[in-house]
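One structure is given below, encoded as structure tokens.
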Amino acid sequence: MAARKKAARPIEEILAKQMVGHEPPSADRLRVAVQASVTIGMIAPWTFLQDSNCFAFDSASGQRWYGLVMGALEEVFAFQAYRGSHGYALMRDIYDGRLKDSSEFHRRQDLFTVEFVPRVELSAADRAILALVPGIPAGMRVPQLTVSRPRHHRWYPHADDLQEMIDGLMSLIQFLTWLKKNPGIDPWEKLGQIPLINAWRDQPEVTMIPEPPPPAAVPDPPAKLDEREINALLKDWAKRKPGPALEVGVYLFPSPVGKPSGPFFPWTALACDSHSGYVFLPEMGDESETSSEALVACALRALQQAPLLRPEAFHVIDEAALLALEPLALALGIPLQVTEIPAVEQAHEAMIAHLG
């Protein structure tokens, strides 16, 4: 008797293990997303659009997105959509070459990607998603659906993410249809304007809107100090000997850390003796820790590790770090100074080199 074939697990069960604590998307919604993606793949919009041809659309939730098609350079074939004005600013910084490094991208990213890849590049979960839509032509690049959240590695979409993605895919299809019907119109002819597809009408319309202005930076909320830790330091603070300044800096860890709800990039704070370059135990927190919290925790730990030291100042690299450390500095009476932090920078470079 032939062995009975093992039944495939439901896709919801497969994805639930990849997004602990979040609602996985349903098979029906995933099927819609894959079918729409395959339609776009067969149109191959990268053959007639440039990577810089951005358009705007609104999802059913009212969220404004800024989308573009990649593939004109025949390296990466994808549809990406960035959330809101912060996302648009990131997209422009990428294409204008203003990003300092990859960690800035990981810190600011808030987008979804439908990338068209060879089947061999799919994970087991990707293949299970793709299997929801049989009959995709052999040899065709197939869609891989991912979401990039701030400080998170690209991962599978949650239920809410997928609905935004579907709205974007449908908007792109309607935009491509509009472009085909209006071959004499160049929506990107006028600088400072981008096309907006209104997909929520019986007859979708495209209107021109101004590019959104760069949004103001939103600082971290101030880190809460533990009064017990502060009082413990103050108990013998006057007995400590004055010493060199303490340099403190915070960075996004360059490698994602595994987690049941998806890998994330933790904040890593470093503190160094400005005179000797001695590196105190770094702080690397969990997914919810802000850069301000990591900075304060690292500075506190350094003072606890050196019970005889009363630094002449805290040295930080910018105003954001100064604001983060200000409550701690005031509580302990330590001056704050924005200046170069060469010992911390050297320690950070050594850490990066060690990680490869």
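By convention here, the chains of the structure tokens are called A, B, ... in the order presented, each chain's residues are numbered starting at 1, and ligands are numbered starting at 1 in the order presented.
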(request) Enumerate the residues of region 62-222 of chain A with a DSSP assignment of strand (DSSP E), computed from the backbone, and present them as a PyMOL selection string. (result) chain A and resi 64-70+78-83+111-117+142-148+193-198+205-210
Selection from above, C-alpha atoms, as an mmCIF file, in the first residue's frame, can you write it?
```
data_model
loop_
_atom_site.group_PDB
_atom_site.id
_atom_site.type_symbol
_atom_site.label_atom_id
_atom_site.label_comp_id
_atom_site.auth_asym_id
_atom_site.auth_seq_id
_atom_site.Cartn_x
_atom_site.Cartn_y
_atom_site.Cartn_z
ATOM 1 C CA ARG A 64 -0.903 57.986 2.163
ATOM 2 C CA TRP A 65 1.810 55.876 0.517
ATOM 3 C CA TYR A 66 4.505 56.669 -2.037
ATOM 4 C CA GLY A 67 5.253 53.859 -4.458
ATOM 5 C CA LEU A 68 7.784 53.125 -7.155
ATOM 6 C CA VAL A 69 8.774 50.291 -9.448
ATOM 7 C CA MET A 70 12.358 49.028 -9.473
ATOM 8 C CA ALA A 78 10.217 45.069 -7.248
ATOM 9 C CA PHE A 79 7.320 47.281 -6.275
ATOM 10 C CA GLN A 80 7.987 49.270 -3.105
ATOM 11 C CA ALA A 81 5.718 51.633 -1.181
ATOM 12 C CA TYR A 82 6.880 53.971 1.606
ATOM 13 C CA ARG A 83 4.523 55.093 4.360
ATOM 14 C CA LEU A 111 7.691 50.282 3.749
ATOM 15 C CA PHE A 112 6.500 47.137 2.046
ATOM 16 C CA THR A 113 8.152 45.368 -0.864
ATOM 17 C CA VAL A 114 6.871 42.949 -3.478
ATOM 18 C CA GLU A 115 10.074 41.652 -5.031
ATOM 19 C CA PHE A 116 10.102 39.375 -8.077
ATOM 20 C CA VAL A 117 12.756 36.711 -7.594
ATOM 21 C CA VAL A 142 7.697 35.084 -8.618
ATOM 22 C CA PRO A 143 6.556 37.544 -5.939
ATOM 23 C CA GLN A 144 8.023 37.606 -2.453
ATOM 24 C CA LEU A 145 5.966 39.707 -0.016
ATOM 25 C CA THR A 146 7.817 41.468 2.795
ATOM 26 C CA VAL A 147 7.428 44.403 5.176
ATOM 27 C CA SER A 148 10.269 46.575 6.514
ATOM 28 C CA GLN A 193 5.009 67.224 -8.533
ATOM 29 C CA ILE A 194 4.053 63.550 -8.486
ATOM 30 C CA PRO A 195 0.935 61.701 -9.683
ATOM 31 C CA LEU A 196 -1.705 60.579 -7.174
ATOM 32 C CA ILE A 197 -3.887 57.630 -8.194
ATOM 33 C CA ASN A 198 -7.388 57.818 -6.736
ATOM 34 C CA GLU A 205 -8.369 59.239 -11.639
ATOM 35 C CA VAL A 206 -4.801 60.517 -11.624
ATOM 36 C CA THR A 207 -4.123 64.033 -10.354
ATOM 37 C CA MET A 208 -0.868 65.888 -9.801
ATOM 38 C CA ILE A 209 0.096 66.789 -6.229
ATOM 39 C CA PRO A 210 3.154 68.575 -4.799
#
```
(message) From a backbone DSSP assignment, name each residue in region 38-175 of chain A labelled alpha helix (DSSP H), as a VMD selection string.
(response) chain A and resid 38 to 43 84 to 95 102 to 108 124 to 130 159 to 175
(message) Which residue is closest to Leu233 (chain A)? Choose from A:Leu303, A:Leu172, A:Ala60, A:Val316 and count only C-alpha atoms.
(response) A:Leu303
(message) Under the rule that only C-alpha atoms are counted, which of A:Gln109, A:Thr268, A:Gln304, A:Thr47 is the nearest residue to Glu283 (chain A)?
(response) A:Thr268
(request) For Gln63 (chain A), work out the shell of residues within 10 Å, counting only C-alpha atoms and skipping chain neighbours fewer than 3 positions away, then give it as a ChimeraX atom specification. (result) /A:57-60,83-84,164
Write out the residues from the selection above, keeping N, CA and C atoms, as a PDB file, in the first residue's frame.
```
ATOM      1  N   PHE A  57      -0.538  57.008  -3.529  1.00  0.00           N
ATOM      2  CA  PHE A  57      -1.870  56.401  -3.445  1.00  0.00           C
ATOM      3  C   PHE A  57      -2.294  56.372  -1.986  1.00  0.00           C
ATOM      4  N   ASP A  58      -3.587  56.303  -1.779  1.00  0.00           N
ATOM      5  CA  ASP A  58      -4.153  56.210  -0.433  1.00  0.00           C
ATOM      6  C   ASP A  58      -4.772  54.834  -0.253  1.00  0.00           C
ATOM      7  N   SER A  59      -4.465  54.189   0.856  1.00  0.00           N
ATOM      8  CA  SER A  59      -5.076  52.899   1.154  1.00  0.00           C
ATOM      9  C   SER A  59      -6.479  53.115   1.704  1.00  0.00           C
ATOM     10  N   ALA A  60      -7.214  52.029   1.892  1.00  0.00           N
ATOM     11  CA  ALA A  60      -8.572  52.130   2.435  1.00  0.00           C
ATOM     12  C   ALA A  60      -8.576  52.685   3.852  1.00  0.00           C
ATOM     13  N   ARG A  83       5.639  54.544   3.599  1.00  0.00           N
ATOM     14  CA  ARG A  83       4.523  55.093   4.360  1.00  0.00           C
ATOM     15  C   ARG A  83       4.717  56.581   4.680  1.00  0.00           C
ATOM     16  N   GLY A  84       3.763  57.405   4.260  1.00  0.00           N
ATOM     17  CA  GLY A  84       3.688  58.790   4.679  1.00  0.00           C
ATOM     18  C   GLY A  84       4.859  59.666   4.272  1.00  0.00           C
ATOM     19  N   GLU A 164      -2.840  46.741   3.504  1.00  0.00           N
ATOM     20  CA  GLU A 164      -2.214  47.928   2.918  1.00  0.00           C
ATOM     21  C   GLU A 164      -1.485  47.554   1.630  1.00  0.00           C
TER      22      GLU A 164
END
```
(message) I'd like to know which of A:Gly41, A:Pro342, A:Pro335, A:Pro254 is closest to His153 (chain A), using only C-alpha atoms.
(response)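 Answer, going by the shortest atom-to-atom distance: A:Pro254.
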